[in-house]
Amino acid sequence: MVNRTVTLAAGLWLLGLGPVAAADVVNVYSARHYDADDKLYAAFTEETGIEVRLLEGDSDQLIERIRREGAASPADVMITVDAGRLWRAEDAGIFQPIESEVLAERIPQNLRHPEGLWYGFSQRLRLIYYNRDAFDPDGLARYEDLADPRFEGQICIRSSTNIYNQSLLASLIGEHGEESATEWARGLVENLARPPQGGDTDQIRGAAAGECEIAVANHYYYLRLLASDDAGDREVAEQVGIIFPNQEDRGVHANIGGAGVVDDAPNREAAIELLEFLASDRAQDVFARANNEYPVVDGVPRVDAIEEWGDIKIDDVNVSLYGRYNPEAVRIADRVGWR
Amino acid sequence: MGAARAGRIVSAAVPGRVARSLRRWLPQATAWSALTYAIALLVAFPIIAVIVYAIIPAPEVWAHLAATVLPRYVTNTLVLVVGVGVLTLIIGVGTAWLVVMCRFPGRRLFEWALLLPLAVPTYVIAYAYTDFLQFTGPVQTALREFFDWGRDDYWFPPIRSLGGAVVLLALVLYPYVYLLTRAAFLEQSACVLEVGRTLGRSPRRLLFGVAVPLARPAIAGGVALALMETLNEFGAVQFFGIDTFTTGIYRTWFGLGEPVAAAQLATCLLVFVIVLVLLERWSRGQARYFHTSSRYSELPRFPLTGLRAGLAMLACALPVTIGFALPAGLLAGMAVRGGDPLFGARFLDLAGNSLLLATTAAVLAVLLALLLSYGVRLHRTRGTSIAARVASMGYAIPGSVIAVGILMPLGWVDHTINEVMRERFGIMPGLILTGTMVALVYAYVVRFLAVAYNAVEASLEKVTPTMDAASRTLGKTAGRTLRLVHTPMMRGSLLAAGILVFVDVMKELPATVILRPFDFDTLAVRAHELASDERLTQASTSSLAIVIVGVIPVIVLSMAMNRSRPGHRG
C-alpha cells in the first residue's frame with residue numbers, strides 16, 4: 001500500500017505536479033500584475049516560511065477557472081482589483097467568509113465585505129482631468145455634471161466594457177436610483193468628444209493633446225505619467241489639471257484592490273496568514289506603492305504625490321454596493337449606447 | 001466507443017499481439033473510420049460541451065441583447081469578415097502569383113519576406129499603429145504642428161475604427177492565403193501550365209483560367225483561415241472598442257454574468273461559420289482536383305521589366321512594409337525608449353515556454369490532421385466528412401470559450417480521479433489535466449486543428465487516387481501507404497501546416513491566459529499583462545520577442561517549401 005502510494009506520488013511529480021496542499025505553500029490567483037508584488041511575496045516567505053505560488057490572469061477568467069476547478073482547485077487566495085470584480089467572484093461562490101481580528105481591526109469597515117468574504121488592501125480614486133489651456137474647470141465639480149449639455153462634445157471616457165466605468169455607474173445607481181443614473185449615462189454619451197476607445201491613460205492623453213477638454217481616469221494612471229521616464233509623458237501630465245469630484249457632498253468615487261480566501265482552499269490557514277500579512281504596515285506600503293494607490297490602513301505613509309494633494313474627501317459608501325449594481329450598470333450602458 | 005478504442009490502438013501502431021489480432025478480425029475500413037470519428041469526437045468535445053450549455057433557454061437576456069447590442073455585433077462582424085476576406089484574397093493570391101510565376105528584381109527576397117507579417121499578432125500590430133497614428137501620436141501631432149491645425153481643422157482616418165481594424169487584420173492575416181496559394185501554385189504540375197501556354201493563354205488568362213481554379217481548395221482554405229481568425233479576434237477589436245460577436249460573447253459571459261446566453265452567441269457564431277464553409281463546398285460542387293501527371297519540371301517564369309517590374313515590386317513591398325517592417329520598427333523604438341524592466345534571464349524562460357507549447361501543439365495538430373484527412377479519403381462517407389468538419393470547427397470559436405469548454409469535461413475527469421484516489425489511497429493528487437500543460441495543449445489542438453487540416457487536406461486532395469490504388473495493389477496497408485507514399489509527397493504542405501500552428505500558438509492569448517499552469521508564463525501572456533495595464537511601451541519588449549521568435553520558423557518554412565517544389569534542383 002505504502003509502496004503504491006510512493007510510486008503514485010513519484011508519477012505525479014514527474015507529471016510536473018507539486019503538492020497542492022502542504023504546510024508551507026499558499027497558491028495565489030492574482031489579477032494584479034505589478035513587478036513589486038514579487039518582492040511582496042518574497043517578504044511574506046521570508047517572514048513566515050510559506051512559499052507563494054502565483055498564477056496571474058484576467059480577473060473574470062480567473063474566477064471562471066476557479067469555478068470550473070471546483071473542490072480540487074489549488075487556489076487559496078484570489079487577488080483582484082475593483083469591487084465590481086470582487087462581487088463577481090463572490091456571486092460565483094468562490095470565496096469563503098474569514099473572520100480575523102487582525103483584518104477586522106486594520107481594514108476600514110466600508111472597504112471589506114460585510115461577512116468577510118473579501119477585504120480591500122488598496123484604494124484608487126476615479127478623477128476628472130481637464131486641459132489647462134482650453135478649459136475652465138469652474139462649474140465642473142461633480143460626476144453628475146459630466147452629463148450637463150454644457151459639455152457637449154468635450155469628454156473623453158473609455159468604454160463601458162471596463163469595470164471602472166461600470167463601478168462608477170453603479171455608484172450613481174446607488175446614490176440616485178436606476179432612472180436617474182440612466183439619464184446621467186445618456187447625457188454623458190451625448191457629451192462624448194469621440195467614440196470610447198483605449199484605456200484610462202489614453203483619455204488623459206486625449207485631453208492633454210486637445211482631442212477633448214475633459215477626461216475621466218483613475219488617479220494612478222495620471223501619477224504614472226507624471227513620474228514617467230519619458231519626457232513626453234510628463235508633459236502630458238503637466239498639461240492637464242485635476243478635479244476631485246463631489247467634495248461638497250459624498251466625496252470622490254473610490255474603488256479597491258482586494259483579496260479573499262477561496263472556498264475549499266487547500267491551505268486555508270496560510271491563506272489567512274497571507275491576507276493578514278497584506279494588512280501589515282510593511283506590506284501595505286509595498287502593495288499600495290507598487291501602483292501609487294492609497295494604503296487602506298491608517299498611518300501607513302502615502303506616496304509623495306498623493307500627500308501633495310492634501311485632504312481629499314472620499315466617498316465612504318461600502319464598496320460592495322458597486323458589485324450589487326454591476327449587472328444593472330452594464331444593462332444601462334447597453335441601453336444608452338455607451339460602447 | 002469500442003470501435004473508437006480499437007481505432008486508437010491501431011493508430012498508435014502498437015506492435016503487440018492485441019493490435020495484430022484486432023487487425024485480423026477488424027476490417028481496416030472500420031478501423032480507419034473509427035479513428036476518424038475518435039479524433040473528431042476528441043476535438044469536438046469542448047465545442048459540444050459549450051453547445052450543450054447553450055440549450056437552456058435564456059429568453060430574457062436575448063430580448064435585452066436583441067434590443068440593444070446584437071444588431072451592432074452582427075453588422076460589425078459582417079463588415080469585418082467581408083473586408084478582411086476581400087483584402088486577404090487580393091493581397092494573398094496576387095503576391096503568390098507574382099513570386100511564383102514572374103521574374104522581377106527582389107523576387108527571391110519577397111518570396112519569404114511576404115510571410116513575415118504572419119509572425120505579428122493582431123493585438124501587437126494594433127498596439128503599434130495606435131500609438132503611431134492616433135490623435136496624440138507622432139504623425140498627427142507633427143501634422144498639426146506643421147500646418148498649425150486645431151482638432152476640427154482636418155480629417156485623418158481614425159485608426160481605432162472598423163476600417164482601421166479591417167486593414168490591420170488583413171495585413172497580418174493575408175499570409176495564410178499567400179502561403180497556401182503559393183504552395184498550391186508550386187505543387188501544380190508544370191505540364192498543366194505549359195499546356196495552357198502552348199494553347200496561347202496570356203499570363204493573366206493562365207492565372208484566372210488555369211492556376212486559380214486549380215488552386216481553389218488551397219485559396220479557399222487560406223481565406224477560411226483568415227476569416228475564422230477574424231471572427232474570433234479579440235485583442236485588437238477590444239483595443240479599438242469595436243463590438244463584434246466575439247467581444248459580445250466575452251461581455252455577455254463575464255460582464256452580464258450570463259454564461260448560457262454567451263454560449264448561445266458562440267453557437268450562433270459557429271452556425272455562421274458552418275454556413276460559410278458549406279457555401280464554399282457547395283459552389284465547388286462535384287469538382288475534384290488531382291494532378292494527372294507526376295512529371296514536373298522547373299516552371300519558366302514570365303520576365304517582367306520596366307514599369308511592370310516596378311509595380312510588381314511595389315505590390316510585394318507594401319504588405320511586407322506595412323504589415324511587418326514598420327510595426328516591428330515602431331516596437332523596437334518603444335522597446336529602446338522604455339522597455340520591459342524584467343528583460344533578461346526571465347525572458348529566456350518566457351520564450352522557452354512559448355517554444356515548448358508551440359512545438360508540441362504543432363506536431364500533435366499536424367499528426368491528427370493527417371490521420372483525419374486520410375481517414376476521410378479512405379472512406380468518404382457523409383459521416384466521416386461531417387466528423388472532419390466538426391473537428392475543425394474549433395478555429396471559429398473564441399479561445400476563451402474553448403478554454404471554458406475544456407475546463408468543463410477535463411475538470412470532471414480530474415474531480416473523478418481525485419475522488420477515486422481519495423477513497424482508495426487517501427490522497428488528493430490535484431488537477432492532473434486542468435492544472436498542467438495537458439489542458440493547454442488540448443485547447444491549442446482544438447483551436448488550431450483546422451489550420452493544419454485545411455493545409456493537409458488541400459494537399460492530400462491533389463494526390464491522385466491512382467497512387468493509393470497502386471500502392472494497395474502492391475500489398476501495402478492503408479497505414480503504410482500513408483507513410484510511404486503520401487507523406488513524402490506532401491512534405492512541404494505538412495511543414496507548412498506545422499509552422500502555421502506553431503506561429504498561431506505563439507500568438508494565442510485568451511486560452512493561454514485561462515489554462516496555463518502555476519508559475520508558467522509565456523511571451524504573449526507577459527505582453528498582454530503589461531498592455532492591459534496600459535503599459536504599452538513596456539509591453540513592446542515581449543511583443544517584439546513574439547515577433548522575433550515567430551519569424552525564424554516562418555523563414556525556415558519558406559526555404560523548405562522552396563526545396564519541396566517538385567522538380568526543384570538543389
# chains A, B, ... in the order shown; residues from 1 in each chain; ligands from 1
call {"tool": "select_by_dssp", "arguments": {"residues": "stretch 23-129 of chain A", "states": "helix (DSSP H, G or I)", "output": "PyMOL selection string"}}
result
chain A and resi 35-48+59-72+83-91+101-106+109-111
call {"tool": "closest_atom_pairs", "arguments": {"of": "chain A", "to": "chain B", "cutoff": "8 Å", "atoms": "only C-alpha atoms", "output": "CSV"}}
result
residue,atom,partner,partner_atom,distance
A:Thr5,CA,B:Phe425,CA,7.0
A:Ala9,CA,B:Pro429,CA,7.9
A:Leu12,CA,B:Pro429,CA,7.2
A:Leu15,CA,B:Ile432,CA,7.8
A:Gly16,CA,B:Thr436,CA,7.3
A:Leu17,CA,B:Ile432,CA,7.3
A:Pro19,CA,B:Pro429,CA,7.6
A:Val20,CA,B:Gly430,CA,6.1
A:His33,CA,B:Glu529,CA,6.5
A:Arg53,CA,B:Asp519,CA,6.7
A:Leu54,CA,B:Asp519,CA,5.6
A:Leu55,CA,B:Phe518,CA,5.1
A:Gly57,CA,B:Val513,CA,5.8
A:Asp58,CA,B:Val513,CA,7.5
A:Asp60,CA,B:Phe254,CA,6.1
A:Gln61,CA,B:Ile514,CA,5.9
A:Leu62,CA,B:Ile514,CA,6.7
A:Glu64,CA,B:Val404,CA,7.7
A:Arg65,CA,B:Ile514,CA,6.8
A:Arg68,CA,B:Leu407,CA,6.0
A:Glu69,CA,B:Gly411,CA,5.9
A:Ala71,CA,B:His415,CA,7.8
A:Ala72,CA,B:Gly430,CA,6.0
A:Ser73,CA,B:Leu431,CA,7.2
A:Pro74,CA,B:Gly430,CA,7.2
A:Ser159,CA,B:Gly241,CA,6.9
A:Thr161,CA,B:Arg251,CA,7.1
A:Pro196,CA,B:Gly241,CA,6.7
A:Gln197,CA,B:Gly241,CA,5.2
A:Gly198,CA,B:Phe239,CA,6.0
A:Gly199,CA,B:Glu534,CA,6.6
A:Asp200,CA,B:Glu534,CA,7.8
A:Thr201,CA,B:Glu534,CA,6.8
A:Arg205,CA,B:Thr136,CA,6.7
A:Gly206,CA,B:Thr136,CA,6.5
A:Ala209,CA,B:Thr136,CA,5.9
A:Gly210,CA,B:Arg151,CA,7.0
A:Glu211,CA,B:Arg151,CA,6.2
A:Asp229,CA,B:Gly338,CA,7.6
A:Asp230,CA,B:Arg337,CA,7.7
A:Pro327,CA,B:Leu256,CA,5.6
A:Val330,CA,B:Leu256,CA,6.7
A:Arg331,CA,B:Leu256,CA,7.8
A:Asp334,CA,B:Thr68,CA,5.9
A:Arg335,CA,B:Thr68,CA,5.8
A:Gly337,CA,B:Thr68,CA,7.7
A:Arg339,CA,B:Gly241,CA,7.3
call {"tool": "write_last_selection", "arguments": {"atoms": "N, CA and C atoms", "output": "short mmCIF file (atom, residue, chain, number, x, y, z; two decimals), in the first residue's frame"}}
result
data_model
loop_
_atom_site.label_atom_id
_atom_site.label_comp_id
_atom_site.auth_asym_id
_atom_site.auth_seq_id
_atom_site.Cartn_x
_atom_site.Cartn_y
_atom_site.Cartn_z
N THR A 5 1.56 4.03 -2.98
CA THR A 5 1.38 5.47 -2.78
C THR A 5 2.63 6.22 -3.20
N ALA A 9 2.96 8.94 -6.11
CA ALA A 9 3.43 10.31 -5.85
C ALA A 9 4.56 10.65 -6.80
N LEU A 12 3.20 11.38 -10.20
CA LEU A 12 2.57 12.70 -10.27
C LEU A 12 3.62 13.79 -10.30
N LEU A 15 4.85 14.25 -13.63
CA LEU A 15 3.90 14.99 -14.45
C LEU A 15 4.02 16.50 -14.22
N GLY A 16 4.85 16.86 -13.28
CA GLY A 16 5.04 18.28 -13.02
C GLY A 16 4.07 18.83 -12.00
N LEU A 17 3.54 17.96 -11.19
CA LEU A 17 2.58 18.41 -10.20
C LEU A 17 3.25 18.49 -8.84
N PRO A 19 2.90 19.26 -4.72
CA PRO A 19 1.81 19.01 -3.78
C PRO A 19 0.88 20.22 -3.75
N VAL A 20 -0.42 19.95 -3.78
CA VAL A 20 -1.38 21.04 -3.75
C VAL A 20 -1.50 21.60 -2.35
N HIS A 33 -0.80 42.82 -11.70
CA HIS A 33 0.45 42.43 -12.39
C HIS A 33 1.56 43.44 -12.14
N ARG A 53 2.94 30.54 -4.45
CA ARG A 53 2.91 30.15 -5.87
C ARG A 53 1.84 30.98 -6.56
N LEU A 54 2.20 31.49 -7.74
CA LEU A 54 1.41 32.56 -8.33
C LEU A 54 0.86 32.20 -9.70
N LEU A 55 -0.38 32.52 -9.92
CA LEU A 55 -0.96 32.44 -11.26
C LEU A 55 -1.61 33.78 -11.54
N GLY A 57 -3.61 36.47 -14.12
CA GLY A 57 -4.52 36.43 -15.26
C GLY A 57 -5.56 37.51 -15.17
N ASP A 58 -6.47 37.52 -16.15
CA ASP A 58 -7.56 38.47 -16.10
C ASP A 58 -8.55 38.02 -15.04
N ASP A 60 -11.86 38.11 -14.57
CA ASP A 60 -13.05 37.31 -14.90
C ASP A 60 -12.67 35.89 -15.27
N GLN A 61 -11.52 35.76 -15.94
CA GLN A 61 -11.10 34.44 -16.35
C GLN A 61 -10.63 33.61 -15.17
N LEU A 62 -9.96 34.26 -14.22
CA LEU A 62 -9.52 33.54 -13.03
C LEU A 62 -10.73 33.02 -12.26
N GLU A 64 -13.67 32.30 -13.43
CA GLU A 64 -14.25 31.17 -14.16
C GLU A 64 -13.41 29.91 -13.97
N ARG A 65 -12.11 30.10 -13.94
CA ARG A 65 -11.22 28.95 -13.76
C ARG A 65 -11.42 28.32 -12.38
N ARG A 68 -14.59 26.34 -12.32
CA ARG A 68 -14.52 25.07 -13.05
C ARG A 68 -13.65 24.07 -12.31
N GLU A 69 -12.62 24.56 -11.65
CA GLU A 69 -11.74 23.64 -10.93
C GLU A 69 -12.43 23.06 -9.71
N ALA A 71 -13.85 21.83 -6.23
CA ALA A 71 -13.27 21.43 -4.95
C ALA A 71 -11.79 21.08 -5.07
N ALA A 72 -11.38 20.65 -6.25
CA ALA A 72 -9.98 20.24 -6.40
C ALA A 72 -9.07 21.42 -6.74
N SER A 73 -9.64 22.62 -6.82
CA SER A 73 -8.83 23.77 -7.20
C SER A 73 -7.71 24.00 -6.21
N PRO A 74 -6.51 24.24 -6.72
CA PRO A 74 -5.41 24.54 -5.81
C PRO A 74 -5.49 25.96 -5.24
N SER A 159 -14.50 52.83 -22.75
CA SER A 159 -15.70 52.02 -22.97
C SER A 159 -16.36 51.59 -21.66
N THR A 161 -17.38 48.80 -21.24
CA THR A 161 -16.97 47.41 -21.02
C THR A 161 -16.04 47.35 -19.83
N PRO A 196 -15.88 55.97 -27.46
CA PRO A 196 -14.97 55.49 -26.41
C PRO A 196 -13.91 54.57 -26.99
N GLN A 197 -12.68 54.77 -26.63
CA GLN A 197 -11.58 53.94 -27.14
C GLN A 197 -10.40 54.06 -26.21
N GLY A 198 -9.59 52.99 -26.20
CA GLY A 198 -8.37 53.00 -25.42
C GLY A 198 -8.61 52.84 -23.94
N GLY A 199 -7.54 52.98 -23.18
CA GLY A 199 -7.62 52.83 -21.74
C GLY A 199 -7.68 54.18 -21.04
N ASP A 200 -7.53 54.16 -19.72
CA ASP A 200 -7.59 55.41 -18.96
C ASP A 200 -6.50 56.38 -19.38
N THR A 201 -5.28 55.86 -19.59
CA THR A 201 -4.17 56.73 -19.97
C THR A 201 -4.49 57.47 -21.27
N ARG A 205 -4.31 61.47 -22.17
CA ARG A 205 -3.54 61.94 -23.33
C ARG A 205 -4.43 62.76 -24.27
N GLY A 206 -5.67 62.26 -24.46
CA GLY A 206 -6.60 62.95 -25.33
C GLY A 206 -6.86 64.37 -24.85
N ALA A 209 -3.77 66.58 -25.41
CA ALA A 209 -3.48 66.93 -26.80
C ALA A 209 -4.58 67.79 -27.41
N GLY A 210 -5.68 67.99 -26.67
CA GLY A 210 -6.75 68.82 -27.18
C GLY A 210 -7.78 68.07 -28.00
N GLU A 211 -7.76 66.74 -27.96
CA GLU A 211 -8.77 65.97 -28.67
C GLU A 211 -10.11 66.13 -27.95
N ASP A 229 9.66 58.04 -17.20
CA ASP A 229 11.00 58.32 -17.71
C ASP A 229 10.93 59.13 -19.00
N ASP A 230 9.78 59.04 -19.66
CA ASP A 230 9.61 59.66 -20.97
C ASP A 230 9.16 61.12 -20.78
N PRO A 327 -24.60 44.42 -12.61
CA PRO A 327 -25.36 43.98 -13.80
C PRO A 327 -26.28 45.08 -14.33
N VAL A 330 -24.30 47.56 -16.40
CA VAL A 330 -24.00 47.07 -17.75
C VAL A 330 -25.22 47.22 -18.65
N ARG A 331 -26.37 46.89 -18.10
CA ARG A 331 -27.59 47.00 -18.91
C ARG A 331 -27.89 48.45 -19.29
N ASP A 334 -25.63 49.51 -22.08
CA ASP A 334 -26.10 48.97 -23.36
C ASP A 334 -27.27 49.79 -23.88
N ARG A 335 -28.20 50.12 -22.97
CA ARG A 335 -29.42 50.81 -23.39
C ARG A 335 -29.14 52.19 -23.96
N GLY A 337 -26.40 53.17 -25.30
CA GLY A 337 -25.43 53.15 -26.39
C GLY A 337 -24.04 53.63 -25.98
N ARG A 339 -20.68 52.57 -25.58
CA ARG A 339 -19.96 51.38 -26.02
C ARG A 339 -19.04 50.85 -24.94
#
call {"tool": "closest_residue", "arguments": {"among": "A:Asn110, A:Asn292, A:Asn246, A:Ser59", "to": "A:Arg124", "atoms": "only C-alpha atoms"}}
result
A:Asn292
call {"tool": "residues_around", "arguments": {"residues": "B:Val120", "least_positions_apart": "3", "cutoff": "9 Å", "atoms": "only C-alpha atoms", "output": "ChimeraX atom specification"}}
result
/B:116-117,123-125,172,323-324,327-328,507,543-544,546-548,550-551
call {"tool": "write_last_selection", "arguments": {"atoms": "N, CA and C atoms", "output": "PDB file, in the first residue's frame"}}
result
ATOM      1  N   LEU B 116       6.417  37.275 -43.507  1.00  0.00           N
ATOM      2  CA  LEU B 116       6.802  37.839 -42.216  1.00  0.00           C
ATOM      3  C   LEU B 116       5.636  38.366 -41.363  1.00  0.00           C
ATOM      4  N   PRO B 117       4.648  39.033 -41.966  1.00  0.00           N
ATOM      5  CA  PRO B 117       3.556  39.551 -41.122  1.00  0.00           C
ATOM      6  C   PRO B 117       2.841  38.462 -40.321  1.00  0.00           C
ATOM      7  N   TYR B 123      -3.099  41.745 -32.026  1.00  0.00           N
ATOM      8  CA  TYR B 123      -3.117  42.762 -30.972  1.00  0.00           C
ATOM      9  C   TYR B 123      -1.836  43.577 -30.977  1.00  0.00           C
ATOM     10  N   VAL B 124      -0.719  42.953 -31.407  1.00  0.00           N
ATOM     11  CA  VAL B 124       0.538  43.684 -31.420  1.00  0.00           C
ATOM     12  C   VAL B 124       0.545  44.751 -32.517  1.00  0.00           C
ATOM     13  N   ILE B 125       0.040  44.399 -33.705  1.00  0.00           N
ATOM     14  CA  ILE B 125       0.016  45.405 -34.775  1.00  0.00           C
ATOM     15  C   ILE B 125      -0.936  46.529 -34.385  1.00  0.00           C
ATOM     16  N   VAL B 172      -2.012  41.376 -41.406  1.00  0.00           N
ATOM     17  CA  VAL B 172      -1.302  40.276 -40.748  1.00  0.00           C
ATOM     18  C   VAL B 172      -1.936  38.923 -41.053  1.00  0.00           C
ATOM     19  N   GLY B 323       2.800  45.585 -42.957  1.00  0.00           N
ATOM     20  CA  GLY B 323       2.389  44.504 -42.080  1.00  0.00           C
ATOM     21  C   GLY B 323       3.483  44.021 -41.161  1.00  0.00           C
ATOM     22  N   PHE B 324       4.732  44.334 -41.498  1.00  0.00           N
ATOM     23  CA  PHE B 324       5.805  43.809 -40.660  1.00  0.00           C
ATOM     24  C   PHE B 324       6.872  44.841 -40.294  1.00  0.00           C
ATOM     25  N   PRO B 327       5.623  48.154 -38.184  1.00  0.00           N
ATOM     26  CA  PRO B 327       5.258  47.874 -36.790  1.00  0.00           C
ATOM     27  C   PRO B 327       6.422  47.333 -35.976  1.00  0.00           C
ATOM     28  N   ALA B 328       7.271  46.476 -36.586  1.00  0.00           N
ATOM     29  CA  ALA B 328       8.417  45.952 -35.848  1.00  0.00           C
ATOM     30  C   ALA B 328       9.356  47.092 -35.484  1.00  0.00           C
ATOM     31  N   LYS B 507       1.148  33.128 -30.798  1.00  0.00           N
ATOM     32  CA  LYS B 507       0.390  34.383 -30.687  1.00  0.00           C
ATOM     33  C   LYS B 507      -0.847  34.239 -29.803  1.00  0.00           C
ATOM     34  N   SER B 543       6.323  41.931 -26.979  1.00  0.00           N
ATOM     35  CA  SER B 543       5.664  41.889 -28.288  1.00  0.00           C
ATOM     36  C   SER B 543       6.690  41.641 -29.380  1.00  0.00           C
ATOM     37  N   LEU B 544       7.778  42.386 -29.279  1.00  0.00           N
ATOM     38  CA  LEU B 544       8.840  42.249 -30.265  1.00  0.00           C
ATOM     39  C   LEU B 544       9.432  40.839 -30.205  1.00  0.00           C
ATOM     40  N   ILE B 546       7.895  38.086 -29.371  1.00  0.00           N
ATOM     41  CA  ILE B 546       6.982  37.152 -30.042  1.00  0.00           C
ATOM     42  C   ILE B 546       7.239  37.194 -31.537  1.00  0.00           C
ATOM     43  N   VAL B 547       7.352  38.396 -32.055  1.00  0.00           N
ATOM     44  CA  VAL B 547       7.565  38.560 -33.491  1.00  0.00           C
ATOM     45  C   VAL B 547       8.871  37.896 -33.913  1.00  0.00           C
ATOM     46  N   ILE B 548       9.931  38.134 -33.128  1.00  0.00           N
ATOM     47  CA  ILE B 548      11.237  37.589 -33.499  1.00  0.00           C
ATOM     48  C   ILE B 548      11.229  36.063 -33.435  1.00  0.00           C
ATOM     49  N   GLY B 550       8.747  34.172 -33.700  1.00  0.00           N
ATOM     50  CA  GLY B 550       7.854  33.656 -34.724  1.00  0.00           C
ATOM     51  C   GLY B 550       8.444  33.757 -36.127  1.00  0.00           C
ATOM     52  N   VAL B 551       9.308  34.731 -36.324  1.00  0.00           N
ATOM     53  CA  VAL B 551       9.847  34.963 -37.661  1.00  0.00           C
ATOM     54  C   VAL B 551      10.779  33.844 -38.096  1.00  0.00           C
TER      55      VAL B 551
END
call {"tool": "atom_distance", "arguments": {"atom1": "atom CA of B:Tyr129", "atom2": "atom CA of B:Gly339"}}
result
17.2 Å
call {"tool": "closest_residue", "arguments": {"among": "B:Leu523, B:Leu171, B:Val139, B:Leu372", "to": "B:Val43", "atoms": "only C-alpha atoms"}}
result
B:Leu372
call {"tool": "residues_around", "arguments": {"residues": "A:Val297", "least_positions_apart": "5", "cutoff": "12 Å", "atoms": "only C-alpha atoms", "output": "list in words"}}
result
Val102, Leu103, Ala104, Glu105, Arg106, Ile107, Pro108, Gln109, Leu111, Tyr119, Gly120, Phe121, Ser122, Gln123, Glu276, Leu278, Ala279, Ser280, Asp281, Arg282, Ala283, Gln284, Asp285, Phe287, Ala288 and Arg302 of chain A
call {"tool": "closest_residue", "arguments": {"among": "A:Phe135, A:Trp338, A:Tyr34, A:Trp118", "to": "A:Gln239", "atoms": "only C-alpha atoms"}}
result
A:Phe135
call {"tool": "residues_around", "arguments": {"residues": "A:Ala36", "least_positions_apart": "4", "cutoff": "9 Å", "atoms": "only C-alpha atoms", "output": "MDAnalysis selection string"}}
result
chainID A and resid 40 286:287 289:291
call {"tool": "write_last_selection", "arguments": {"atoms": "C-alpha atoms", "output": "PDB file, in the first residue's frame"}}
result
ATOM      1  CA  LEU A  40       5.939  41.436  -1.510  1.00  0.00           C
ATOM      2  CA  VAL A 286       4.642  47.970  -0.889  1.00  0.00           C
ATOM      3  CA  PHE A 287       1.170  46.930  -2.027  1.00  0.00           C
ATOM      4  CA  ARG A 289       3.217  51.963  -3.600  1.00  0.00           C
ATOM      5  CA  ALA A 290       3.510  49.403  -6.405  1.00  0.00           C
ATOM      6  CA  ASN A 291       0.739  51.247  -8.186  1.00  0.00           C
TER       7      ASN A 291
END
call {"tool": "atom_distance", "arguments": {"atom1": "atom CA of B:Thr305", "atom2": "atom CA of B:Pro203"}}
result
14.6 Å
call {"tool": "residues_around", "arguments": {"residues": "A:Ala185", "least_positions_apart": "4", "cutoff": "7 Å", "atoms": "only C-alpha atoms", "output": "list in words"}}
result
Ala181, Val189, Ala333 and Val336 of chain A
call {"tool": "select_by_dssp", "arguments": {"residues": "stretch 96-316 of chain A", "states": "strand (DSSP E)", "output": "NGL selection string"}}
result
:A and (119-131 or 155-156 or 214-218 or 240-243 or 254-261 or 294-295)
call {"tool": "residues_around", "arguments": {"residues": "A:Arg142", "least_positions_apart": "5", "cutoff": "10 Å", "atoms": "only C-alpha atoms", "output": "ChimeraX atom specification"}}
result
/A:128,147,243-252
call {"tool": "write_last_selection", "arguments": {"atoms": "C-alpha atoms", "output": "PDB file, in the first residue's frame"}}
result
ATOM      1  CA  ILE A 128     -11.709  64.119 -13.709  1.00  0.00           C
ATOM      2  CA  ALA A 147     -23.975  64.794 -18.171  1.00  0.00           C
ATOM      3  CA  ILE A 243     -10.770  67.904 -10.494  1.00  0.00           C
ATOM      4  CA  PHE A 244     -11.571  65.977  -7.312  1.00  0.00           C
ATOM      5  CA  PRO A 245     -15.290  65.482  -7.775  1.00  0.00           C
ATOM      6  CA  ASN A 246     -18.101  65.763  -5.227  1.00  0.00           C
ATOM      7  CA  GLN A 247     -16.023  67.376  -2.486  1.00  0.00           C
ATOM      8  CA  GLU A 248     -19.103  69.246  -1.249  1.00  0.00           C
ATOM      9  CA  ASP A 249     -21.188  66.100  -0.872  1.00  0.00           C
ATOM     10  CA  ARG A 250     -20.368  62.388  -0.774  1.00  0.00           C
ATOM     11  CA  GLY A 251     -16.749  62.608  -1.947  1.00  0.00           C
ATOM     12  CA  VAL A 252     -14.637  61.088  -4.726  1.00  0.00           C
TER      13      VAL A 252
END
call {"tool": "atom_distance", "arguments": {"atom1": "atom CA of B:Pro175", "atom2": "atom CA of B:Leu115"}}
result
5.4 Å
call {"tool": "closest_residue", "arguments": {"among": "A:Pro114, A:Gly70, A:Pro97, A:Gly187", "to": "A:Asp145", "atoms": "only C-alpha atoms"}}
result
A:Gly187
call {"tool": "decode", "arguments": {"residues": "stretch 302-317 of chain B", "atoms": "C-alpha atoms", "output": "PDB file, in the first residue's frame"}}
result
ATOM      1  CA  PHE B 302       7.329  35.416 -67.025  1.00  0.00           C
ATOM      2  CA  PRO B 303      10.044  38.051 -67.114  1.00  0.00           C
ATOM      3  CA  LEU B 304       8.859  41.497 -66.036  1.00  0.00           C
ATOM      4  CA  THR B 305      10.745  44.637 -66.927  1.00  0.00           C
ATOM      5  CA  GLY B 306      10.466  48.365 -66.545  1.00  0.00           C
ATOM      6  CA  LEU B 307       7.255  49.713 -65.125  1.00  0.00           C
ATOM      7  CA  ARG B 308       5.730  46.273 -64.698  1.00  0.00           C
ATOM      8  CA  ALA B 309       8.676  45.089 -62.655  1.00  0.00           C
ATOM      9  CA  GLY B 310       8.396  48.236 -60.557  1.00  0.00           C
ATOM     10  CA  LEU B 311       4.717  47.675 -59.953  1.00  0.00           C
ATOM     11  CA  ALA B 312       5.304  44.050 -59.017  1.00  0.00           C
ATOM     12  CA  MET B 313       7.969  45.113 -56.544  1.00  0.00           C
ATOM     13  CA  LEU B 314       5.677  47.704 -55.062  1.00  0.00           C
ATOM     14  CA  ALA B 315       2.810  45.223 -54.768  1.00  0.00           C
ATOM     15  CA  CYS B 316       5.044  42.863 -52.826  1.00  0.00           C
ATOM     16  CA  ALA B 317       6.842  45.500 -50.786  1.00  0.00           C
TER      17      ALA B 317
END
